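Text of the file model.cif, holding mmCIF, C-alpha atoms:
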data_structure
loop_
_atom_site.group_PDB
_atom_site.id
_atom_site.type_symbol
_atom_site.label_atom_id
_atom_site.label_comp_id
_atom_site.auth_asym_id
_atom_site.auth_seq_id
_atom_site.Cartn_x
_atom_site.Cartn_y
_atom_site.Cartn_z
ATOM 1 C CA MET H 121 -14.251 52.536 22.442
ATOM 2 C CA LYS H 122 -17.479 50.744 21.512
ATOM 3 C CA LYS H 123 -16.489 50.989 17.840
ATOM 4 C CA ILE H 124 -13.077 49.461 18.581
ATOM 5 C CA ILE H 125 -14.674 46.614 20.559
ATOM 6 C CA SER H 126 -17.214 46.034 17.790
ATOM 7 C CA ALA H 127 -14.470 46.017 15.132
ATOM 8 C CA PHE H 128 -12.380 43.585 17.196
ATOM 9 C CA ALA H 129 -15.392 41.299 17.700
ATOM 10 C CA LEU H 130 -16.040 41.371 13.965
ATOM 11 C CA LEU H 131 -12.397 40.510 13.240
ATOM 12 C CA VAL H 132 -12.503 37.567 15.682
ATOM 13 C CA ALA H 133 -15.756 36.317 14.194
ATOM 14 C CA THR H 134 -14.349 36.598 10.665
ATOM 15 C CA THR H 135 -11.162 34.757 11.664
ATOM 16 C CA VAL H 136 -13.167 31.932 13.275
ATOM 17 C CA PHE H 137 -15.360 31.697 10.186
ATOM 18 C CA VAL H 138 -12.356 31.526 7.822
ATOM 19 C CA SER H 139 -10.633 28.964 10.039
ATOM 20 C CA ALA H 140 -13.763 26.824 10.004
ATOM 21 C CA GLN H 141 -13.930 27.109 6.240
ATOM 22 C CA THR H 142 -10.301 25.977 5.834
ATOM 23 C CA ASP H 143 -10.283 23.325 8.570
ATOM 24 C CA TYR H 144 -9.264 19.940 7.151
ATOM 25 C CA ASN H 145 -7.792 16.617 8.250
ATOM 26 C CA LYS H 146 -3.998 16.701 8.122
ATOM 27 C CA GLY H 147 -3.616 12.984 7.562
ATOM 28 C CA GLU H 148 -5.289 9.595 7.419
ATOM 29 C CA PHE H 149 -4.481 5.886 7.669
ATOM 30 C CA PHE H 150 -6.434 3.211 5.807
ATOM 31 C CA VAL H 151 -6.547 -0.512 6.542
ATOM 32 C CA GLY H 152 -8.845 -2.992 4.860
ATOM 33 C CA PHE H 153 -9.602 -6.049 2.776
ATOM 34 C CA SER H 154 -8.363 -6.155 -0.816
ATOM 35 C CA HIS H 155 -9.529 -8.362 -3.682
ATOM 36 C CA GLY H 156 -7.344 -8.602 -6.772
ATOM 37 C CA GLN H 157 -8.409 -9.712 -10.212
ATOM 38 C CA VAL H 158 -4.967 -10.770 -11.422
ATOM 39 C CA ASP H 159 -4.095 -11.124 -15.089
ATOM 40 C CA THR H 160 -3.299 -14.749 -15.958
ATOM 41 C CA GLY H 161 -1.368 -13.771 -19.086
ATOM 42 C CA ILE H 162 -3.745 -15.862 -21.210
ATOM 43 C CA ASP H 163 -5.585 -13.772 -23.817
ATOM 44 C CA SER H 164 -8.861 -15.438 -24.840
ATOM 45 C CA GLY H 165 -10.155 -12.507 -26.908
ATOM 46 C CA ASP H 166 -10.552 -8.753 -27.249
ATOM 47 C CA SER H 167 -14.013 -8.222 -25.749
ATOM 48 C CA VAL H 168 -14.774 -6.827 -22.296
ATOM 49 C CA ASN H 169 -16.043 -10.252 -21.213
ATOM 50 C CA SER H 170 -12.752 -11.833 -22.246
ATOM 51 C CA PHE H 171 -10.813 -9.103 -20.398
ATOM 52 C CA LEU H 172 -12.640 -9.991 -17.200
ATOM 53 C CA ARG H 173 -12.513 -13.746 -17.847
ATOM 54 C CA ASP H 174 -8.704 -13.759 -18.248
ATOM 55 C CA ARG H 175 -8.221 -13.018 -14.548
ATOM 56 C CA VAL H 176 -7.923 -15.062 -11.311
ATOM 57 C CA GLY H 177 -9.227 -13.912 -7.932
ATOM 58 C CA PHE H 178 -6.718 -13.162 -5.156
ATOM 59 C CA ASN H 179 -7.640 -12.000 -1.615
ATOM 60 C CA GLY H 180 -5.599 -10.136 0.974
ATOM 61 C CA PHE H 181 -5.034 -6.712 2.535
ATOM 62 C CA GLU H 182 -4.283 -3.094 1.743
ATOM 63 C CA THR H 183 -2.919 -0.328 3.952
ATOM 64 C CA SER H 184 -2.133 3.286 3.088
ATOM 65 C CA GLY H 185 -1.144 6.534 4.735
ATOM 66 C CA VAL H 186 -1.766 10.075 3.489
ATOM 67 C CA TYR H 187 -0.272 13.413 4.540
ATOM 68 C CA ASN H 188 -2.462 16.242 3.266
ATOM 69 C CA VAL H 189 -0.458 19.252 2.108
ATOM 70 C CA ASN H 190 -3.714 21.206 1.788
ATOM 71 C CA ARG H 191 -7.451 20.583 1.881
ATOM 72 C CA TYR H 192 -7.529 18.830 -1.494
ATOM 73 C CA VAL H 193 -4.101 17.274 -2.177
ATOM 74 C CA GLY H 194 -2.274 14.601 -0.203
ATOM 75 C CA ILE H 195 0.948 12.622 -0.523
ATOM 76 C CA LYS H 196 0.128 8.913 -0.308
ATOM 77 C CA GLY H 197 2.022 5.703 0.427
ATOM 78 C CA ASP H 198 0.290 2.365 -0.220
ATOM 79 C CA VAL H 199 1.118 -1.302 0.462
ATOM 80 C CA SER H 200 -1.066 -4.256 -0.529
ATOM 81 C CA GLY H 201 -0.708 -8.025 -0.638
ATOM 82 C CA VAL H 202 -3.077 -10.600 -2.146
ATOM 83 C CA TYR H 203 -2.861 -14.395 -2.217
ATOM 84 C CA ASN H 204 -4.192 -17.393 -4.122
ATOM 85 C CA SER H 205 -3.787 -21.194 -4.080
ATOM 86 C CA THR H 206 -4.407 -23.131 -7.277
ATOM 87 C CA ARG H 207 -4.034 -26.740 -8.469
ATOM 88 C CA PHE H 208 -3.127 -27.279 -12.122
ATOM 89 C CA THR H 209 -3.384 -30.505 -14.114
ATOM 90 C CA PHE H 210 -2.130 -30.426 -17.685
ATOM 91 C CA PRO H 211 -0.904 -32.889 -20.319
ATOM 92 C CA VAL H 212 2.744 -33.087 -21.313
ATOM 93 C CA GLY H 213 3.138 -35.460 -24.254
ATOM 94 C CA ALA H 214 1.650 -38.822 -23.318
ATOM 95 C CA GLN H 215 1.586 -38.063 -19.591
ATOM 96 C CA SER H 216 -0.126 -35.645 -17.208
ATOM 97 C CA VAL H 217 1.351 -33.350 -14.612
ATOM 98 C CA THR H 218 -0.361 -32.109 -11.441
ATOM 99 C CA VAL H 219 1.003 -29.274 -9.340
ATOM 100 C CA ASP H 220 -0.216 -27.172 -6.401
ATOM 101 C CA THR H 221 0.811 -23.510 -6.386
ATOM 102 C CA LYS H 222 0.724 -20.837 -3.707
ATOM 103 C CA ASN H 223 0.749 -17.418 -5.340
ATOM 104 C CA SER H 224 1.269 -13.955 -3.883
ATOM 105 C CA LEU H 225 1.285 -10.443 -5.350
ATOM 106 C CA TYR H 226 2.494 -7.325 -3.536
ATOM 107 C CA ASN H 227 2.368 -3.629 -4.422
ATOM 108 C CA PHE H 228 4.612 -0.960 -2.861
ATOM 109 C CA LEU H 229 3.376 2.367 -4.228
ATOM 110 C CA GLY H 230 3.440 6.119 -3.674
ATOM 111 C CA GLY H 231 1.928 9.192 -5.278
ATOM 112 C CA LEU H 232 -0.854 11.774 -4.963
ATOM 113 C CA GLN H 233 -4.409 11.623 -3.694
ATOM 114 C CA ILE H 234 -7.093 14.181 -4.595
ATOM 115 C CA LYS H 235 -9.889 14.493 -2.035
ATOM 116 C CA ASP H 236 -11.902 17.136 -0.161
ATOM 117 C CA ASN H 237 -10.501 16.618 3.347
ATOM 118 C CA ALA H 238 -12.840 19.037 5.138
ATOM 119 C CA SER H 239 -13.250 17.809 8.712
ATOM 120 C CA ASP H 240 -17.038 18.057 8.594
ATOM 121 C CA GLY H 241 -17.472 16.370 5.200
ATOM 122 C CA ARG H 242 -19.755 13.325 5.230
ATOM 123 C CA VAL H 243 -19.311 11.692 1.812
ATOM 124 C CA LYS H 244 -15.819 12.060 0.354
ATOM 125 C CA PRO H 245 -15.034 10.809 -3.162
ATOM 126 C CA PHE H 246 -11.319 10.567 -3.921
ATOM 127 C CA ALA H 247 -8.940 9.731 -6.741
ATOM 128 C CA HIS H 248 -5.287 8.749 -6.691
ATOM 129 C CA ALA H 249 -2.374 8.058 -9.022
ATOM 130 C CA LEU H 250 0.370 5.854 -7.566
ATOM 131 C CA ILE H 251 3.549 4.292 -8.938
ATOM 132 C CA GLY H 252 6.179 1.996 -7.474
ATOM 133 C CA ALA H 253 7.054 -1.695 -7.503
ATOM 134 C CA GLY H 254 5.063 -4.910 -7.796
ATOM 135 C CA HIS H 255 6.393 -8.294 -6.674
ATOM 136 C CA GLY H 256 4.855 -11.631 -7.673
ATOM 137 C CA ARG H 257 5.843 -15.062 -6.385
ATOM 138 C CA THR H 258 4.678 -18.616 -7.073
ATOM 139 C CA LYS H 259 5.674 -21.521 -4.800
ATOM 140 C CA VAL H 260 5.330 -25.009 -6.275
ATOM 141 C CA ASN H 261 4.205 -27.934 -4.073
ATOM 142 C CA ASN H 262 3.138 -31.560 -4.575
ATOM 143 C CA LEU H 263 4.406 -31.825 -8.140
ATOM 144 C CA THR H 264 3.528 -35.266 -9.550
ATOM 145 C CA CYS H 265 3.881 -36.866 -12.991
ATOM 146 C CA THR H 266 2.351 -40.050 -14.361
ATOM 147 C CA SER H 267 5.756 -40.907 -15.837
ATOM 148 C CA THR H 268 9.001 -39.129 -16.680
ATOM 149 C CA PRO H 269 10.251 -40.157 -20.166
ATOM 150 C CA THR H 270 9.491 -36.739 -21.653
ATOM 151 C CA PHE H 271 9.160 -34.501 -18.581
ATOM 152 C CA ASP H 272 11.391 -34.117 -15.547
ATOM 153 C CA CYS H 273 9.364 -33.065 -12.505
ATOM 154 C CA GLY H 274 12.499 -31.698 -10.944
ATOM 155 C CA ASP H 275 12.689 -28.994 -13.605
ATOM 156 C CA VAL H 276 9.780 -27.042 -12.076
ATOM 157 C CA THR H 277 10.836 -24.641 -9.298
ATOM 158 C CA ASP H 278 9.515 -21.606 -7.435
ATOM 159 C CA VAL H 279 9.450 -18.422 -9.487
ATOM 160 C CA SER H 280 9.332 -14.733 -8.566
ATOM 161 C CA ASP H 281 9.614 -11.413 -10.356
ATOM 162 C CA THR H 282 9.612 -7.703 -9.514
ATOM 163 C CA GLY H 283 8.656 -4.870 -11.839
ATOM 164 C CA LEU H 284 7.300 -1.360 -12.252
ATOM 165 C CA ALA H 285 3.732 -1.065 -10.952
ATOM 166 C CA GLY H 286 0.975 1.507 -10.687
ATOM 167 C CA ALA H 287 -2.497 2.001 -9.241
ATOM 168 C CA PHE H 288 -4.865 4.456 -10.879
ATOM 169 C CA GLY H 289 -8.378 4.826 -9.530
ATOM 170 C CA GLY H 290 -10.351 6.041 -6.571
ATOM 171 C CA GLY H 291 -13.310 5.439 -4.318
ATOM 172 C CA ILE H 292 -15.736 6.831 -1.747
ATOM 173 C CA ASP H 293 -15.292 7.354 2.017
ATOM 174 C CA VAL H 294 -18.298 7.843 4.315
ATOM 175 C CA ARG H 295 -17.925 9.595 7.673
ATOM 176 C CA ILE H 296 -18.761 7.516 10.757
ATOM 177 C CA ASN H 297 -17.507 9.980 13.385
ATOM 178 C CA ASP H 298 -14.787 12.598 13.898
ATOM 179 C CA ARG H 299 -12.030 9.973 13.890
ATOM 180 C CA VAL H 300 -13.207 7.199 11.554
ATOM 181 C CA ASP H 301 -14.536 6.951 7.985
ATOM 182 C CA PHE H 302 -15.797 3.841 6.215
ATOM 183 C CA ARG H 303 -14.246 3.224 2.796
ATOM 184 C CA ALA H 304 -17.303 1.880 0.994
ATOM 185 C CA ILE H 305 -15.415 1.065 -2.216
ATOM 186 C CA GLN H 306 -12.066 1.582 -3.892
ATOM 187 C CA VAL H 307 -11.352 0.449 -7.453
ATOM 188 C CA ASP H 308 -7.923 0.552 -9.123
ATOM 189 C CA TYR H 309 -6.386 -0.376 -12.427
ATOM 190 C CA ASN H 310 -3.148 -2.041 -11.308
ATOM 191 C CA PRO H 311 -0.691 -2.696 -14.164
ATOM 192 C CA ILE H 312 2.610 -4.403 -13.341
ATOM 193 C CA LYS H 313 5.389 -4.640 -15.912
ATOM 194 C CA PHE H 314 7.352 -7.812 -15.320
ATOM 195 C CA GLU H 315 10.372 -8.879 -17.386
ATOM 196 C CA ASN H 316 8.493 -10.521 -20.248
ATOM 197 C CA SER H 317 5.013 -8.995 -20.094
ATOM 198 C CA THR H 318 2.667 -6.482 -18.486
ATOM 199 C CA ASP H 319 -0.084 -7.792 -16.217
ATOM 200 C CA HIS H 320 -3.288 -5.733 -16.408
ATOM 201 C CA ASN H 321 -4.745 -6.307 -12.945
ATOM 202 C CA LEU H 322 -7.744 -4.862 -11.134
ATOM 203 C CA ARG H 323 -7.838 -4.131 -7.394
ATOM 204 C CA PHE H 324 -10.926 -3.684 -5.187
ATOM 205 C CA SER H 325 -10.694 -2.626 -1.536
ATOM 206 C CA ILE H 326 -12.964 -1.900 1.420
ATOM 207 C CA GLY H 327 -12.188 -0.949 5.009
ATOM 208 C CA PHE H 328 -11.750 1.885 7.508
ATOM 209 C CA VAL H 329 -9.961 5.236 7.421
ATOM 210 C CA ILE H 330 -8.560 6.583 10.704
ATOM 211 C CA LYS H 331 -8.034 10.351 10.805
#

Translate this structure into structure tokens?
Amino acid sequence: MKKIISAFALLVATTVFVSAQTDYNKGEFFVGFSHGQVDTGIDSGDSVNSFLRDRVGFNGFETSGVYNVNRYVGIKGDVSGVYNSTRFTFPVGAQSVTVDTKNSLYNFLGGLQIKDNASDGRVKPFAHALIGAGHGRTKVNNLTCTSTPTFDCGDVTDVSDTGLAGAFGGGIDVRINDRVDFRAIQVDYNPIKFENSTDHNLRFSIGFVIK
């Protein structure tokens, strides 16, 4: 009888140990601040400095949800929106045109996330590959011209476009407690293929992960 009890105790202990080793978070929800370096479509050169210079800063939000199919692989959905207001003044023939624009860029993406989701992990690097749709919109306000012999101010209207988008990158989460992690950094390459061109954007995010 003592041998049976000892064997049973050993089996229980082994089961608890294995369960602890395979214990992981089944899902997570991220919400945070997002900064986009959005491609202007103006190519000023081939160097790295030019690549970074040919972008405009947008600020906004990012949210995502992940269902982990096992300890290391999760199915991820991601939504982000960033915004920018810009005033342009440019010459048209012998006159000048000034216009205020309100710009927005959204991503609606899904894909896979690779991450060690062990419940007791403290520092958790992750990587993801996401694809979906990107939507850009520019609203035109306060359009003024010095004169109109060669340019009709009424010809400028709001524009929008939707195209195939992706986000390829990753970041680092740091455990705060059993329920919350701090996303210290996330960096993504965010290409969006619109009708006439492909925008090569960058996306940076920071925020909190709820488990």

Could you put an axis-aligned box around every listed atom of region 232-236 of chain H, padded by 8 Å on each side, and send me its centre and edge lengths in Å to one decimal, as AutoDock Vina command-line options?
--center_x -6.4 --center_y 14.4 --center_z -2.6 --size_x 27.0 --size_y 21.5 --size_z 20.8

Apply the PyMOL selection byres ((chain H and resi 185) around 9) to the displayed file and report the matching residues as an MDAnalysis selection string.
-> chainID H and resid 147:150 183:184 186:187 195:198

Quick one: residues within 8 Å of region 288-301 of chain H, only C-alpha atoms, excluding same-chain residues fewer than 4 positions away - as an mmCIF file with C-alpha atoms, in the frame of the given file?
data_model
loop_
_atom_site.group_PDB
_atom_site.id
_atom_site.type_symbol
_atom_site.label_atom_id
_atom_site.label_comp_id
_atom_site.auth_asym_id
_atom_site.auth_seq_id
_atom_site.Cartn_x
_atom_site.Cartn_y
_atom_site.Cartn_z
ATOM 1 C CA SER H 239 -13.250 17.809 8.712
ATOM 2 C CA ASP H 240 -17.038 18.057 8.594
ATOM 3 C CA GLY H 241 -17.472 16.370 5.200
ATOM 4 C CA ARG H 242 -19.755 13.325 5.230
ATOM 5 C CA VAL H 243 -19.311 11.692 1.812
ATOM 6 C CA LYS H 244 -15.819 12.060 0.354
ATOM 7 C CA PRO H 245 -15.034 10.809 -3.162
ATOM 8 C CA PHE H 246 -11.319 10.567 -3.921
ATOM 9 C CA ALA H 247 -8.940 9.731 -6.741
ATOM 10 C CA HIS H 248 -5.287 8.749 -6.691
ATOM 11 C CA ALA H 249 -2.374 8.058 -9.022
ATOM 12 C CA LEU H 250 0.370 5.854 -7.566
ATOM 13 C CA ILE H 305 -15.415 1.065 -2.216
ATOM 14 C CA GLN H 306 -12.066 1.582 -3.892
ATOM 15 C CA VAL H 307 -11.352 0.449 -7.453
ATOM 16 C CA ASP H 308 -7.923 0.552 -9.123
ATOM 17 C CA TYR H 309 -6.386 -0.376 -12.427
ATOM 18 C CA ASN H 310 -3.148 -2.041 -11.308
ATOM 19 C CA PHE H 328 -11.750 1.885 7.508
ATOM 20 C CA VAL H 329 -9.961 5.236 7.421
ATOM 21 C CA ILE H 330 -8.560 6.583 10.704
ATOM 22 C CA LYS H 331 -8.034 10.351 10.805
#

Rounded to one decimal place, report the CA of Phe302 (chain H)-CA of Asn145 (chain H) distance in Å.
-> 15.2 Å

Just so the selection is clear, what residues does the PyMOL selection byres ((chain H and resi 323) around 10) cover here, as a ChimeraX atom specification?
-> /H:154-158,177-179,182,200,202,287-289,306-311,321-322,324-325

Between H:Ala238, H:Asp159, H:Lys259, H:Ser216, which has the minimum distance to Ser317 (chain H) (counting all atoms listed in the file)?
-> H:Asp159

Since fewer atoms than expected are present, regenerate all heavy atoms for region 179-190 of chain H and write them as a CSV table (one decimal), in the coordinates of the input.
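Saved to out_22.csv:
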chain,number,residue,atom,x,y,z
H,179,ASN,N,-7.1,-12.7,-2.8
H,179,ASN,CA,-7.6,-12.0,-1.6
H,179,ASN,C,-6.5,-11.7,-0.6
H,179,ASN,O,-5.6,-12.5,-0.5
H,179,ASN,CB,-8.7,-12.8,-0.9
H,179,ASN,CG,-9.9,-13.0,-1.8
H,179,ASN,OD1,-10.5,-12.1,-2.4
H,179,ASN,ND2,-10.4,-14.2,-1.9
H,180,GLY,N,-6.6,-10.5,0.0
H,180,GLY,CA,-5.6,-10.1,1.0
H,180,GLY,C,-5.9,-8.8,1.7
H,180,GLY,O,-7.0,-8.6,2.1
H,181,PHE,N,-4.9,-7.9,1.7
H,181,PHE,CA,-5.0,-6.7,2.5
H,181,PHE,C,-4.5,-5.5,1.8
H,181,PHE,O,-3.8,-5.7,0.8
H,181,PHE,CB,-4.2,-6.8,3.8
H,181,PHE,CG,-2.7,-6.8,3.6
H,181,PHE,CD1,-2.0,-5.6,3.7
H,181,PHE,CD2,-2.0,-7.9,3.3
H,181,PHE,CE1,-0.7,-5.5,3.4
H,181,PHE,CE2,-0.6,-7.9,3.0
H,181,PHE,CZ,0.0,-6.7,3.1
H,182,GLU,N,-4.9,-4.3,2.2
H,182,GLU,CA,-4.3,-3.1,1.7
H,182,GLU,C,-4.2,-2.1,2.9
H,182,GLU,O,-5.1,-2.0,3.7
H,182,GLU,CB,-5.1,-2.5,0.6
H,182,GLU,CG,-4.4,-1.2,0.1
H,182,GLU,CD,-5.3,-0.4,-0.9
H,182,GLU,OE1,-6.4,-0.9,-1.3
H,182,GLU,OE2,-4.9,0.7,-1.3
H,183,THR,N,-3.1,-1.4,3.0
H,183,THR,CA,-2.9,-0.3,4.0
H,183,THR,C,-2.4,0.9,3.2
H,183,THR,O,-1.6,0.7,2.2
H,183,THR,CB,-2.0,-0.7,5.1
H,183,THR,OG1,-0.7,-0.9,4.6
H,183,THR,CG2,-2.5,-1.9,5.9
H,184,SER,N,-2.7,2.1,3.7
H,184,SER,CA,-2.1,3.3,3.1
H,184,SER,C,-2.1,4.4,4.1
H,184,SER,O,-2.9,4.4,5.1
H,184,SER,CB,-2.9,3.7,1.8
H,184,SER,OG,-4.2,4.1,2.2
H,185,GLY,N,-1.2,5.3,3.9
H,185,GLY,CA,-1.1,6.5,4.7
H,185,GLY,C,-1.1,7.8,3.9
H,185,GLY,O,-0.4,7.7,2.8
H,186,VAL,N,-1.7,8.8,4.3
H,186,VAL,CA,-1.8,10.1,3.5
H,186,VAL,C,-1.4,11.3,4.4
H,186,VAL,O,-2.0,11.4,5.5
H,186,VAL,CB,-3.2,10.3,2.9
H,186,VAL,CG1,-3.2,11.6,2.0
H,186,VAL,CG2,-3.6,9.1,2.0
H,187,TYR,N,-0.5,12.1,3.9
H,187,TYR,CA,-0.3,13.4,4.5
H,187,TYR,C,-0.8,14.5,3.6
H,187,TYR,O,-0.4,14.6,2.5
H,187,TYR,CB,1.2,13.7,4.8
H,187,TYR,CG,1.5,15.1,5.2
H,187,TYR,CD1,1.2,15.5,6.5
H,187,TYR,CD2,2.1,16.0,4.3
H,187,TYR,CE1,1.4,16.8,6.9
H,187,TYR,CE2,2.3,17.3,4.7
H,187,TYR,CZ,2.0,17.7,6.0
H,187,TYR,OH,2.2,19.0,6.4
H,188,ASN,N,-1.8,15.2,4.1
H,188,ASN,CA,-2.5,16.2,3.3
H,188,ASN,C,-1.7,17.6,3.3
H,188,ASN,O,-1.6,18.2,4.4
H,188,ASN,CB,-3.9,16.4,3.7
H,188,ASN,CG,-4.7,15.2,3.5
H,188,ASN,OD1,-4.7,14.6,2.5
H,188,ASN,ND2,-5.5,14.8,4.6
H,189,VAL,N,-1.2,18.0,2.2
H,189,VAL,CA,-0.5,19.3,2.1
H,189,VAL,C,-1.4,20.4,2.1
H,189,VAL,O,-1.0,21.6,2.4
H,189,VAL,CB,0.5,19.3,0.9
H,189,VAL,CG1,1.5,18.2,1.0
H,189,VAL,CG2,-0.3,19.1,-0.4
H,190,ASN,N,-2.7,20.2,1.7
H,190,ASN,CA,-3.7,21.2,1.8
H,190,ASN,C,-5.0,20.5,1.8
H,190,ASN,O,-5.1,19.2,2.0
H,190,ASN,CB,-3.7,22.2,0.7
H,190,ASN,CG,-3.8,21.6,-0.7
H,190,ASN,OD1,-4.6,20.7,-1.0
H,190,ASN,ND2,-3.0,22.1,-1.7
